[in-house]
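Colleague: Dropping in input-v9.cif, which is mmCIF, C-alpha atoms and all ligand atoms; chains and numbers go by the auth columns:
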data_my_file
#
loop_
_atom_site.group_PDB
_atom_site.id
_atom_site.type_symbol
_atom_site.label_atom_id
_atom_site.label_comp_id
_atom_site.label_asym_id
_atom_site.label_seq_id
_atom_site.Cartn_x
_atom_site.Cartn_y
_atom_site.Cartn_z
_atom_site.B_iso_or_equiv
_atom_site.auth_seq_id
_atom_site.auth_asym_id
ATOM 1 C CA MET A 1 26.177 -3.463 13.604 0.00 1 A
ATOM 2 C CA LYS A 2 28.879 -4.655 11.210 0.00 2 A
ATOM 3 C CA LEU A 3 27.935 -5.754 7.734 0.00 3 A
ATOM 4 C CA GLU A 4 30.387 -8.547 7.052 0.00 4 A
ATOM 5 C CA SER A 5 28.082 -11.052 5.461 0.00 5 A
ATOM 6 C CA LEU A 6 24.859 -11.196 3.491 0.00 6 A
ATOM 7 C CA ASN A 7 23.290 -12.598 6.636 0.00 7 A
ATOM 8 C CA ASP A 8 24.247 -9.433 8.561 0.00 8 A
ATOM 9 C CA LEU A 9 22.655 -7.322 5.857 0.00 9 A
ATOM 10 C CA PHE A 10 19.553 -9.538 5.829 0.00 10 A
ATOM 11 C CA ILE A 11 19.083 -9.014 9.566 0.00 11 A
ATOM 12 C CA LYS A 12 19.685 -5.279 9.225 0.00 12 A
ATOM 13 C CA GLU A 13 16.978 -5.036 6.548 0.00 13 A
ATOM 14 C CA LEU A 14 14.576 -7.133 8.625 0.00 14 A
ATOM 15 C CA LYS A 15 15.095 -4.855 11.628 0.00 15 A
ATOM 16 C CA ASP A 16 14.391 -1.814 9.507 0.00 16 A
ATOM 17 C CA LEU A 17 11.156 -3.387 8.242 0.00 17 A
ATOM 18 C CA TYR A 18 10.194 -4.420 11.750 0.00 18 A
ATOM 19 C CA SER A 19 10.594 -0.862 12.976 0.00 19 A
ATOM 20 C CA ALA A 20 8.720 0.491 9.943 0.00 20 A
ATOM 21 C CA GLU A 21 5.767 -1.894 10.405 0.00 21 A
ATOM 22 C CA ASN A 22 5.473 -1.144 14.119 0.00 22 A
ATOM 23 C CA GLN A 23 5.434 2.591 13.443 0.00 23 A
ATOM 24 C CA LEU A 24 2.650 1.974 10.924 0.00 24 A
ATOM 25 C CA VAL A 25 0.526 0.001 13.377 0.00 25 A
ATOM 26 C CA LYS A 26 0.429 3.202 15.440 0.00 26 A
ATOM 27 C CA ALA A 27 0.028 5.644 12.541 0.00 27 A
ATOM 28 C CA LEU A 28 -2.563 3.949 10.321 0.00 28 A
ATOM 29 C CA PRO A 29 -5.522 4.386 12.726 0.00 29 A
ATOM 30 C CA LYS A 30 -4.932 8.163 12.622 0.00 30 A
ATOM 31 C CA MET A 31 -4.802 8.139 8.823 0.00 31 A
ATOM 32 C CA ALA A 32 -7.984 6.053 8.656 0.00 32 A
ATOM 33 C CA LYS A 33 -9.745 8.460 10.988 0.00 33 A
ATOM 34 C CA ALA A 34 -8.730 11.417 8.821 0.00 34 A
ATOM 35 C CA ALA A 35 -10.130 9.897 5.623 0.00 35 A
ATOM 36 C CA ALA A 36 -13.418 11.451 4.521 0.00 36 A
ATOM 37 C CA SER A 37 -14.581 8.696 2.192 0.00 37 A
ATOM 38 C CA ASP A 38 -15.799 5.372 3.574 0.00 38 A
ATOM 39 C CA GLU A 39 -13.953 3.536 0.835 0.00 39 A
ATOM 40 C CA LEU A 40 -10.589 5.056 1.762 0.00 40 A
ATOM 41 C CA ARG A 41 -11.151 4.630 5.493 0.00 41 A
ATOM 42 C CA THR A 42 -12.074 0.958 5.025 0.00 42 A
ATOM 43 C CA ALA A 43 -9.049 0.344 2.791 0.00 43 A
ATOM 44 C CA ILE A 44 -6.707 1.839 5.400 0.00 44 A
ATOM 45 C CA GLU A 45 -8.361 -0.114 8.213 0.00 45 A
ATOM 46 C CA GLU A 46 -8.040 -3.348 6.262 0.00 46 A
ATOM 47 C CA HIS A 47 -4.394 -2.636 5.609 0.00 47 A
ATOM 48 C CA LEU A 48 -3.885 -1.988 9.308 0.00 48 A
ATOM 49 C CA GLU A 49 -5.013 -5.561 10.006 0.00 49 A
ATOM 50 C CA GLN A 50 -2.594 -6.837 7.358 0.00 50 A
ATOM 51 C CA THR A 51 0.162 -4.696 8.842 0.00 51 A
ATOM 52 C CA LYS A 52 -0.271 -6.438 12.204 0.00 52 A
ATOM 53 C CA GLU A 53 0.243 -9.747 10.385 0.00 53 A
ATOM 54 C CA HIS A 54 3.351 -8.318 8.725 0.00 54 A
ATOM 55 C CA VAL A 55 4.790 -7.671 12.184 0.00 55 A
ATOM 56 C CA GLU A 56 4.006 -11.265 13.173 0.00 56 A
ATOM 57 C CA ARG A 57 5.647 -12.699 10.057 0.00 57 A
ATOM 58 C CA LEU A 58 8.814 -10.743 10.786 0.00 58 A
ATOM 59 C CA GLU A 59 8.766 -12.005 14.379 0.00 59 A
ATOM 60 C CA GLU A 60 8.459 -15.545 13.069 0.00 60 A
ATOM 61 C CA ILE A 61 11.557 -15.023 10.916 0.00 61 A
ATOM 62 C CA PHE A 62 13.550 -13.469 13.782 0.00 62 A
ATOM 63 C CA ASP A 63 12.547 -16.332 16.090 0.00 63 A
ATOM 64 C CA LYS A 64 13.679 -18.968 13.621 0.00 64 A
ATOM 65 C CA MET A 65 17.000 -17.227 13.146 0.00 65 A
ATOM 66 C CA GLN A 66 17.287 -16.705 16.906 0.00 66 A
ATOM 67 C CA ALA A 67 18.031 -13.076 16.136 0.00 67 A
ATOM 68 C CA SER A 68 16.889 -9.994 18.020 0.00 68 A
ATOM 69 C CA HIS A 69 14.432 -7.651 16.344 0.00 69 A
ATOM 70 C CA ARG A 70 15.586 -4.747 18.478 0.00 70 A
ATOM 71 C CA GLY A 71 18.040 -1.973 17.847 0.00 71 A
ATOM 72 C CA ALA A 72 16.844 -0.273 14.678 0.00 72 A
ATOM 73 C CA LYS A 73 14.667 2.696 13.965 0.00 73 A
ATOM 74 C CA CYS A 74 13.474 3.190 10.427 0.00 74 A
ATOM 75 C CA LYS A 75 14.042 6.916 9.988 0.00 75 A
ATOM 76 C CA ALA A 76 12.524 6.886 6.522 0.00 76 A
ATOM 77 C CA MET A 77 9.191 5.611 7.837 0.00 77 A
ATOM 78 C CA GLU A 78 9.372 8.153 10.651 0.00 78 A
ATOM 79 C CA GLY A 79 9.685 10.873 7.991 0.00 79 A
ATOM 80 C CA LEU A 80 6.932 9.471 5.784 0.00 80 A
ATOM 81 C CA ILE A 81 4.571 9.303 8.753 0.00 81 A
ATOM 82 C CA GLU A 82 5.530 12.832 9.745 0.00 82 A
ATOM 83 C CA GLU A 83 4.588 14.043 6.259 0.00 83 A
ATOM 84 C CA GLY A 84 1.345 12.096 6.508 0.00 84 A
ATOM 85 C CA LYS A 85 0.535 13.859 9.777 0.00 85 A
ATOM 86 C CA GLU A 86 1.082 17.247 8.161 0.00 86 A
ATOM 87 C CA THR A 87 -1.297 16.223 5.381 0.00 87 A
ATOM 88 C CA ILE A 88 -3.952 15.210 7.886 0.00 88 A
ATOM 89 C CA LYS A 89 -3.709 18.588 9.669 0.00 89 A
ATOM 90 C CA GLU A 90 -4.273 20.524 6.449 0.00 90 A
ATOM 91 C CA GLU A 91 -7.640 22.268 6.089 0.00 91 A
ATOM 92 C CA GLY A 92 -9.605 22.006 2.868 0.00 92 A
ATOM 93 C CA ASP A 93 -11.963 20.119 0.621 0.00 93 A
ATOM 94 C CA ASP A 94 -12.637 16.534 1.727 0.00 94 A
ATOM 95 C CA ALA A 95 -11.975 14.951 -1.657 0.00 95 A
ATOM 96 C CA VAL A 96 -8.745 16.898 -2.170 0.00 96 A
ATOM 97 C CA LYS A 97 -7.585 15.940 1.312 0.00 97 A
ATOM 98 C CA ASP A 98 -8.385 12.289 0.637 0.00 98 A
ATOM 99 C CA ALA A 99 -6.292 12.449 -2.525 0.00 99 A
ATOM 100 C CA ALA A 100 -3.436 13.866 -0.409 0.00 100 A
ATOM 101 C CA ILE A 101 -3.834 11.065 2.169 0.00 101 A
ATOM 102 C CA ILE A 102 -3.663 8.522 -0.653 0.00 102 A
ATOM 103 C CA CYS A 103 -0.387 10.083 -1.853 0.00 103 A
ATOM 104 C CA ALA A 104 1.080 9.805 1.623 0.00 104 A
ATOM 105 C CA ALA A 105 -0.120 6.205 1.999 0.00 105 A
ATOM 106 C CA GLN A 106 1.283 5.192 -1.376 0.00 106 A
ATOM 107 C CA ARG A 107 4.702 6.587 -0.484 0.00 107 A
ATOM 108 C CA VAL A 108 4.617 4.298 2.549 0.00 108 A
ATOM 109 C CA GLU A 109 3.638 1.266 0.462 0.00 109 A
ATOM 110 C CA HIS A 110 6.383 1.901 -2.073 0.00 110 A
ATOM 111 C CA TYR A 111 8.986 2.141 0.676 0.00 111 A
ATOM 112 C CA GLU A 112 7.810 -1.165 2.104 0.00 112 A
ATOM 113 C CA ILE A 113 7.745 -2.804 -1.332 0.00 113 A
ATOM 114 C CA ALA A 114 11.405 -1.820 -1.826 0.00 114 A
ATOM 115 C CA GLY A 115 12.415 -3.165 1.580 0.00 115 A
ATOM 116 C CA TYR A 116 10.519 -6.452 1.254 0.00 116 A
ATOM 117 C CA GLY A 117 11.815 -6.987 -2.270 0.00 117 A
ATOM 118 C CA CYS A 118 15.411 -6.718 -1.020 0.00 118 A
ATOM 119 C CA ALA A 119 14.799 -8.863 2.054 0.00 119 A
ATOM 120 C CA ARG A 120 12.993 -11.570 0.049 0.00 120 A
ATOM 121 C CA THR A 121 15.860 -11.719 -2.430 0.00 121 A
ATOM 122 C CA PHE A 122 18.453 -11.980 0.361 0.00 122 A
ATOM 123 C CA ALA A 123 16.457 -14.791 2.010 0.00 123 A
ATOM 124 C CA ARG A 124 16.459 -16.702 -1.279 0.00 124 A
ATOM 125 C CA MET A 125 20.189 -16.152 -1.787 0.00 125 A
ATOM 126 C CA LEU A 126 20.798 -17.410 1.742 0.00 126 A
ATOM 127 C CA GLY A 127 18.729 -20.521 1.008 0.00 127 A
ATOM 128 C CA ASP A 128 16.063 -19.658 3.573 0.00 128 A
ATOM 129 C CA GLU A 129 13.005 -20.579 1.531 0.00 129 A
ATOM 130 C CA GLU A 130 10.643 -20.325 4.490 0.00 130 A
ATOM 131 C CA ALA A 131 11.641 -16.724 5.206 0.00 131 A
ATOM 132 C CA ALA A 132 11.582 -15.944 1.486 0.00 132 A
ATOM 133 C CA ASN A 133 7.986 -17.195 1.248 0.00 133 A
ATOM 134 C CA LEU A 134 6.834 -15.190 4.273 0.00 134 A
ATOM 135 C CA LEU A 135 8.458 -12.047 2.904 0.00 135 A
ATOM 136 C CA GLN A 136 6.980 -12.656 -0.547 0.00 136 A
ATOM 137 C CA GLN A 137 3.508 -12.981 0.998 0.00 137 A
ATOM 138 C CA THR A 138 3.876 -9.609 2.714 0.00 138 A
ATOM 139 C CA LEU A 139 5.346 -8.066 -0.435 0.00 139 A
ATOM 140 C CA GLU A 140 2.249 -9.120 -2.378 0.00 140 A
ATOM 141 C CA GLU A 141 -0.067 -7.626 0.247 0.00 141 A
ATOM 142 C CA GLU A 142 1.812 -4.323 0.124 0.00 142 A
ATOM 143 C CA ALA A 143 1.505 -4.334 -3.666 0.00 143 A
ATOM 144 C CA GLN A 144 -2.229 -5.087 -3.435 0.00 144 A
ATOM 145 C CA ALA A 145 -2.685 -2.243 -0.949 0.00 145 A
ATOM 146 C CA ASP A 146 -0.862 0.096 -3.318 0.00 146 A
ATOM 147 C CA LYS A 147 -3.052 -0.996 -6.235 0.00 147 A
ATOM 148 C CA LYS A 148 -6.216 -0.520 -4.193 0.00 148 A
ATOM 149 C CA LEU A 149 -5.109 3.025 -3.307 0.00 149 A
ATOM 150 C CA THR A 150 -4.553 3.777 -6.989 0.00 150 A
ATOM 151 C CA GLU A 151 -8.073 2.578 -7.778 0.00 151 A
ATOM 152 C CA ILE A 152 -9.568 4.758 -5.042 0.00 152 A
ATOM 153 C CA ALA A 153 -7.478 7.719 -6.222 0.00 153 A
ATOM 154 C CA GLU A 154 -8.609 7.272 -9.808 0.00 154 A
ATOM 155 C CA SER A 155 -12.280 7.229 -8.858 0.00 155 A
ATOM 156 C CA SER A 156 -12.004 10.195 -6.453 0.00 156 A
ATOM 157 C CA ILE A 157 -9.802 12.237 -8.781 0.00 157 A
ATOM 158 C CA ASN A 158 -12.367 11.659 -11.526 0.00 158 A
ATOM 159 C CA MET A 159 -14.986 13.113 -9.201 0.00 159 A
ATOM 160 C CA LEU A 160 -12.777 16.133 -8.523 0.00 160 A
ATOM 161 C CA ALA A 161 -12.214 16.690 -12.235 0.00 161 A
ATOM 162 C CA VAL A 162 -15.957 16.631 -12.825 0.00 162 A
ATOM 163 C CA GLU A 163 -16.547 19.102 -9.989 0.00 163 A
ATOM 164 C CA SER A 164 -13.874 21.523 -11.197 0.00 164 A
ATOM 165 C CA HIS A 165 -15.738 21.979 -14.494 0.00 165 A
ATOM 166 C CA HIS A 166 -18.689 23.588 -12.672 0.00 166 A
HETATM 167 ZN ZN ZN B . 3.429 -4.030 5.774 0.00 1 O
HETATM 168 FE FE FE B . 14.134 2.211 6.706 0.00 2 O
HETATM 169 FE FE FE B . 1.850 -1.556 3.990 0.00 3 O
#
Show me, as structure tokens, the structure contained in the file I just sent.

Modeller:
Amino acid sequence: MKLESLNDLFIKELKDLYSAENQLVKALPKMAKAAASDELRTAIEEHLEQTKEHVERLEEIFDKMQASHRGAKCKAMEGLIEEGKETIKEEGDDAVKDAAIICAAQRVEHYEIAGYGCARTFARMLGDEEAANLLQQTLEEEAQADKKLTEIAESSINMLAVESHH
């Protein structure tokens, strides 16, 4: 795919996000299942439901542009998920493993935040306010998910710190 215009780049970024989100729809149930704490499992499951909406929002944008969402594989998300899988396989203390799962999940959220930030800005520059608003909505949900993970990490890491004094 040639990048001759901002519109070409916009579509390229959307395809990357579309691939990333679809990979996550498959991967998040496994991460949720691996979480030991109810709080973490619930947070991941809730974000899975949001992730399905993120896919739908992207489809809405592609439809309006009459563009195909095919033809891209987000290799970065593939790698992040691969690392997440390795984390899940690790043996060890439940709380430490949960902290590791949170790290993996936050890497995913930060990648998405970067991608949606770029795509939202391109939509605005192209004068596509509707797409910009949809992308902004998703961006905010990714940021909320990231914040929630930080909160869970802080409470569980506090627990670990207390335990390690014994
Ligand atoms: Zn998402
Ligand atoms: Fe990517
Ligand atoms: Fe996400």

Colleague: Can you pull out every residue within 10 Å of Ser68 in chain A, counting all atoms listed in the file, but drop anything in the same chain fewer than 2 positions away, and send it as a list in words?

Modeller: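 My list of contacting residues is Ile11, Lys15, Glu59, Phe62, Asp63, Met65, Gln66, Arg70 and Gly71 of chain A.
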
Colleague: Once you count all atoms listed in the file, what closest atom pair and distance in Å to one decimal does each residue of range 15-91 of chain A within 10 Å of range 152-156 of chain A have, with rows by chain and rising residue number, as a tab-separated table?

Modeller:
residue	atom	partner	partner_atom	distance
A:Ser37	CA	A:Ser156	CA	9.1
A:Glu39	CA	A:Ile152	CA	7.4
A:Leu40	CA	A:Ile152	CA	6.9
A:Ala43	CA	A:Ile152	CA	9.0

Colleague: Return as a ChimeraX atom specification the set of residues that the PyMOL selection byres (((chain A and resi 1-10) around 8) and not hetatm) yields on the displayed structure.

Modeller: /A:11-14,119,122-123,126

Colleague: CA of Asp146 in chain A to CA of Ala99 in chain A: how many Å, to one decimal?

Modeller: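 Computed distance, CA of Asp146 in chain A to CA of Ala99 in chain A, equals 13.5 Å.
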
Colleague: Taking only residues of chain A that have an atom at most 9 Å from an atom of ligand FE 2 (chain O), what is each one's shortest atom pair and its distance in Å to one decimal, using all atoms listed in the file, in chain and number order, as CSV?

Modeller:
residue,atom,partner,partner_atom,distance
A:Glu13,CA,O:FE2,FE,7.8
A:Lys15,CA,O:FE2,FE,8.7
A:Asp16,CA,O:FE2,FE,4.9
A:Leu17,CA,O:FE2,FE,6.5
A:Ser19,CA,O:FE2,FE,7.8
A:Ala20,CA,O:FE2,FE,6.5
A:Ala72,CA,O:FE2,FE,8.8
A:Lys73,CA,O:FE2,FE,7.3
A:Cys74,CA,O:FE2,FE,3.9
A:Lys75,CA,O:FE2,FE,5.7
A:Ala76,CA,O:FE2,FE,4.9
A:Met77,CA,O:FE2,FE,6.1
A:Glu78,CA,O:FE2,FE,8.6
A:Tyr111,CA,O:FE2,FE,7.9
A:Glu112,CA,O:FE2,FE,8.5
A:Gly115,CA,O:FE2,FE,7.6

Colleague: Please find the residues contacting ligand ZN 1 (chain O) at a distance of at most 6 Å between atoms, with only C-alpha atoms and all ligand atoms counted, and report them as a PDB file with C-alpha atoms, in the frame of the given file.

Modeller:
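Ended up saving to out.pdb:
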ATOM      1  CA  GLU A  21       5.767  -1.894  10.405  1.00  0.00           C
ATOM      2  CA  THR A  51       0.162  -4.696   8.842  1.00  0.00           C
ATOM      3  CA  HIS A  54       3.351  -8.318   8.725  1.00  0.00           C
ATOM      4  CA  GLU A 142       1.812  -4.323   0.124  1.00  0.00           C
TER       5      GLU A 142
END

Colleague: What gap, in Å, lies between CA of Glu46 in chain A and CA of Glu60 in chain A?

Modeller: 21.6 Å

Colleague: Show me, as JSON lines, the residues of chain A having an atom within 12 Å of ligand FE 3 (chain O), each with the closest atom pair and its distance in Å, using all atoms listed in the file.

Modeller:
{"residue": "A:Leu17", "atom": "CA", "partner": "O:FE3", "partner_atom": "FE", "distance": 10.4}
{"residue": "A:Tyr18", "atom": "CA", "partner": "O:FE3", "partner_atom": "FE", "distance": 11.7}
{"residue": "A:Ala20", "atom": "CA", "partner": "O:FE3", "partner_atom": "FE", "distance": 9.3}
{"residue": "A:Glu21", "atom": "CA", "partner": "O:FE3", "partner_atom": "FE", "distance": 7.5}
{"residue": "A:Asn22", "atom": "CA", "partner": "O:FE3", "partner_atom": "FE", "distance": 10.8}
{"residue": "A:Gln23", "atom": "CA", "partner": "O:FE3", "partner_atom": "FE", "distance": 10.9}
{"residue": "A:Leu24", "atom": "CA", "partner": "O:FE3", "partner_atom": "FE", "distance": 7.8}
{"residue": "A:Val25", "atom": "CA", "partner": "O:FE3", "partner_atom": "FE", "distance": 9.6}
{"residue": "A:Ala27", "atom": "CA", "partner": "O:FE3", "partner_atom": "FE", "distance": 11.3}
{"residue": "A:Leu28", "atom": "CA", "partner": "O:FE3", "partner_atom": "FE", "distance": 9.5}
{"residue": "A:Ala43", "atom": "CA", "partner": "O:FE3", "partner_atom": "FE", "distance": 11.1}
{"residue": "A:Ile44", "atom": "CA", "partner": "O:FE3", "partner_atom": "FE", "distance": 9.3}
{"residue": "A:Glu45", "atom": "CA", "partner": "O:FE3", "partner_atom": "FE", "distance": 11.1}
{"residue": "A:Glu46", "atom": "CA", "partner": "O:FE3", "partner_atom": "FE", "distance": 10.3}
{"residue": "A:His47", "atom": "CA", "partner": "O:FE3", "partner_atom": "FE", "distance": 6.5}
{"residue": "A:Leu48", "atom": "CA", "partner": "O:FE3", "partner_atom": "FE", "distance": 7.8}
{"residue": "A:Glu49", "atom": "CA", "partner": "O:FE3", "partner_atom": "FE", "distance": 10.0}
{"residue": "A:Gln50", "atom": "CA", "partner": "O:FE3", "partner_atom": "FE", "distance": 7.7}
{"residue": "A:Thr51", "atom": "CA", "partner": "O:FE3", "partner_atom": "FE", "distance": 6.0}
{"residue": "A:Lys52", "atom": "CA", "partner": "O:FE3", "partner_atom": "FE", "distance": 9.8}
{"residue": "A:Glu53", "atom": "CA", "partner": "O:FE3", "partner_atom": "FE", "distance": 10.5}
{"residue": "A:His54", "atom": "CA", "partner": "O:FE3", "partner_atom": "FE", "distance": 8.4}
{"residue": "A:Val55", "atom": "CA", "partner": "O:FE3", "partner_atom": "FE", "distance": 10.6}
{"residue": "A:Met77", "atom": "CA", "partner": "O:FE3", "partner_atom": "FE", "distance": 11.0}
{"residue": "A:Ala104", "atom": "CA", "partner": "O:FE3", "partner_atom": "FE", "distance": 11.6}
{"residue": "A:Ala105", "atom": "CA", "partner": "O:FE3", "partner_atom": "FE", "distance": 8.3}
{"residue": "A:Gln106", "atom": "CA", "partner": "O:FE3", "partner_atom": "FE", "distance": 8.6}
{"residue": "A:Arg107", "atom": "CA", "partner": "O:FE3", "partner_atom": "FE", "distance": 9.7}
{"residue": "A:Val108", "atom": "CA", "partner": "O:FE3", "partner_atom": "FE", "distance": 6.6}
{"residue": "A:Glu109", "atom": "CA", "partner": "O:FE3", "partner_atom": "FE", "distance": 4.9}
{"residue": "A:His110", "atom": "CA", "partner": "O:FE3", "partner_atom": "FE", "distance": 8.3}
{"residue": "A:Tyr111", "atom": "CA", "partner": "O:FE3", "partner_atom": "FE", "distance": 8.7}
{"residue": "A:Glu112", "atom": "CA", "partner": "O:FE3", "partner_atom": "FE", "distance": 6.3}
{"residue": "A:Ile113", "atom": "CA", "partner": "O:FE3", "partner_atom": "FE", "distance": 8.0}
{"residue": "A:Ala114", "atom": "CA", "partner": "O:FE3", "partner_atom": "FE", "distance": 11.2}
{"residue": "A:Gly115", "atom": "CA", "partner": "O:FE3", "partner_atom": "FE", "distance": 11.0}
{"residue": "A:Tyr116", "atom": "CA", "partner": "O:FE3", "partner_atom": "FE", "distance": 10.3}
{"residue": "A:Gln137", "atom": "CA", "partner": "O:FE3", "partner_atom": "FE", "distance": 11.9}
{"residue": "A:Thr138", "atom": "CA", "partner": "O:FE3", "partner_atom": "FE", "distance": 8.4}
{"residue": "A:Leu139", "atom": "CA", "partner": "O:FE3", "partner_atom": "FE", "distance": 8.6}
{"residue": "A:Glu140", "atom": "CA", "partner": "O:FE3", "partner_atom": "FE", "distance": 9.9}
{"residue": "A:Glu141", "atom": "CA", "partner": "O:FE3", "partner_atom": "FE", "distance": 7.4}
{"residue": "A:Glu142", "atom": "CA", "partner": "O:FE3", "partner_atom": "FE", "distance": 4.8}
{"residue": "A:Ala143", "atom": "CA", "partner": "O:FE3", "partner_atom": "FE", "distance": 8.2}
{"residue": "A:Gln144", "atom": "CA", "partner": "O:FE3", "partner_atom": "FE", "distance": 9.2}
{"residue": "A:Ala145", "atom": "CA", "partner": "O:FE3", "partner_atom": "FE", "distance": 6.7}
{"residue": "A:Asp146", "atom": "CA", "partner": "O:FE3", "partner_atom": "FE", "distance": 8.0}
{"residue": "A:Lys147", "atom": "CA", "partner": "O:FE3", "partner_atom": "FE", "distance": 11.4}
{"residue": "A:Lys148", "atom": "CA", "partner": "O:FE3", "partner_atom": "FE", "distance": 11.5}
{"residue": "A:Leu149", "atom": "CA", "partner": "O:FE3", "partner_atom": "FE", "distance": 11.1}

Colleague: Report the closest atom pair, with its distance in Å rounded to one decimal, for each residue of range 67-93 of chain A that has an atom no farther than 10 Å from range 32-35 of chain A; count only C-alpha atoms, sort by chain and then rising residue number, and write it as a tab-separated table.

Modeller:
residue	atom	partner	partner_atom	distance
A:Lys85	CA	A:Ala34	CA	9.6
A:Thr87	CA	A:Ala34	CA	9.5
A:Ile88	CA	A:Ala34	CA	6.2
A:Lys89	CA	A:Ala34	CA	8.8

Colleague: Pick from A:Glu86, A:Ala95, A:Asn133, A:Thr121: nearest to Met159 in chain A, with only C-alpha atoms counted?

Modeller: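 Among A:Glu86, A:Ala95, A:Asn133, A:Thr121, it is A:Ala95 that comes nearest to Met159 in chain A.
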
Colleague: So how many Å separate CA of Val96 in chain A and CA of Ile157 in chain A, to one decimal?

Modeller: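 For CA of Val96 in chain A relative to CA of Ile157 in chain A, the distance reads 8.2 Å.
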
Colleague: Of the candidates A:Ala36, A:Val162, A:Gly117, A:Lys26, which shows the shortest atom-to-atom distance to Lys97 in chain A, using all atoms listed in the file?

Modeller: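 The closest residue to Lys97 in chain A is A:Ala36.
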
Colleague: Name the closest residue to Glu130 in chain A among the candidates A:Glu163, A:Leu58, A:Ile81, A:Ala67; distances are taken between atoms, counting only C-alpha atoms.

Modeller: A:Leu58

Colleague: Which residue gives the smallest distance to Ile102 in chain A among A:Pro29, A:Arg57, A:Glu151, A:Leu135, with all atoms listed in the file counted?

Modeller: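 Closest to Ile102 in chain A, using all atoms listed in the file: A:Glu151.
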
Colleague: Ranking A:Thr42, A:Ile61, A:Met31, A:Asp94 by minimum distance to Leu134 in chain A and counting only C-alpha atoms, which one comes first?

Modeller: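 Looking at the shortest contact to Leu134 in chain A, the residue is A:Ile61.
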
Colleague: Counting all atoms listed in the file, which of A:Glu129, A:Glu82, A:Arg124, A:Gly92 gets nearest to Lys30 in chain A?

Modeller: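 Ranking A:Glu129, A:Glu82, A:Arg124, A:Gly92 by distance to Lys30 in chain A, first place goes to A:Glu82.
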
Colleague: Around all of range 131-145 of chain A's listed atoms, make the axis-aligned box with 5 Å on each side and tell me centre and edge lengths in Å to one decimal, as lines of an AutoDock Vina configuration file.

Modeller:
center_x = 4.5
center_y = -9.7
center_z = 0.8
size_x = 24.3
size_y = 25.0
size_z = 18.9

Colleague: Because some atoms of range 72-76 of chain A are absent here, can you restore all heavy atoms and send them as a PDB file, keeping the file's coordinate frame?

Modeller:
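result.pdb written:
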ATOM      1  N   ALA A  72      16.871  -1.077  15.909  1.00  0.00           N
ATOM      2  CA  ALA A  72      16.844  -0.273  14.678  1.00  0.00           C
ATOM      3  C   ALA A  72      15.625   0.625  14.685  1.00  0.00           C
ATOM      4  O   ALA A  72      14.570   0.257  15.171  1.00  0.00           O
ATOM      5  CB  ALA A  72      16.815  -1.172  13.460  1.00  0.00           C
ATOM      6  N   LYS A  73      15.814   1.807  14.171  1.00  0.00           N
ATOM      7  CA  LYS A  73      14.667   2.696  13.965  1.00  0.00           C
ATOM      8  C   LYS A  73      14.664   3.074  12.495  1.00  0.00           C
ATOM      9  O   LYS A  73      15.664   3.591  11.986  1.00  0.00           O
ATOM     10  CB  LYS A  73      14.818   3.946  14.828  1.00  0.00           C
ATOM     11  CG  LYS A  73      13.798   5.008  14.520  1.00  0.00           C
ATOM     12  CD  LYS A  73      12.984   5.349  15.741  1.00  0.00           C
ATOM     13  CE  LYS A  73      11.707   6.042  15.359  1.00  0.00           C
ATOM     14  NZ  LYS A  73      10.973   6.542  16.510  1.00  0.00           N
ATOM     15  N   CYS A  74      13.567   2.812  11.837  1.00  0.00           N
ATOM     16  CA  CYS A  74      13.474   3.190  10.427  1.00  0.00           C
ATOM     17  C   CYS A  74      13.165   4.686  10.346  1.00  0.00           C
ATOM     18  O   CYS A  74      12.036   5.124  10.575  1.00  0.00           O
ATOM     19  CB  CYS A  74      12.413   2.379   9.700  1.00  0.00           C
ATOM     20  SG  CYS A  74      12.236   2.912   8.004  1.00  0.00           S
ATOM     21  N   LYS A  75      14.199   5.455  10.031  1.00  0.00           N
ATOM     22  CA  LYS A  75      14.042   6.916   9.988  1.00  0.00           C
ATOM     23  C   LYS A  75      13.233   7.343   8.772  1.00  0.00           C
ATOM     24  O   LYS A  75      12.563   8.375   8.786  1.00  0.00           O
ATOM     25  CB  LYS A  75      15.418   7.584   9.950  1.00  0.00           C
ATOM     26  CG  LYS A  75      16.223   7.364  11.208  1.00  0.00           C
ATOM     27  CD  LYS A  75      17.406   8.315  11.257  1.00  0.00           C
ATOM     28  CE  LYS A  75      18.397   7.924  12.333  1.00  0.00           C
ATOM     29  NZ  LYS A  75      19.241   6.771  11.909  1.00  0.00           N
ATOM     30  N   ALA A  76      13.303   6.555   7.720  1.00  0.00           N
ATOM     31  CA  ALA A  76      12.524   6.886   6.522  1.00  0.00           C
ATOM     32  C   ALA A  76      11.031   6.807   6.835  1.00  0.00           C
ATOM     33  O   ALA A  76      10.263   7.707   6.475  1.00  0.00           O
ATOM     34  CB  ALA A  76      12.890   5.946   5.381  1.00  0.00           C
TER      35      ALA A  76
END
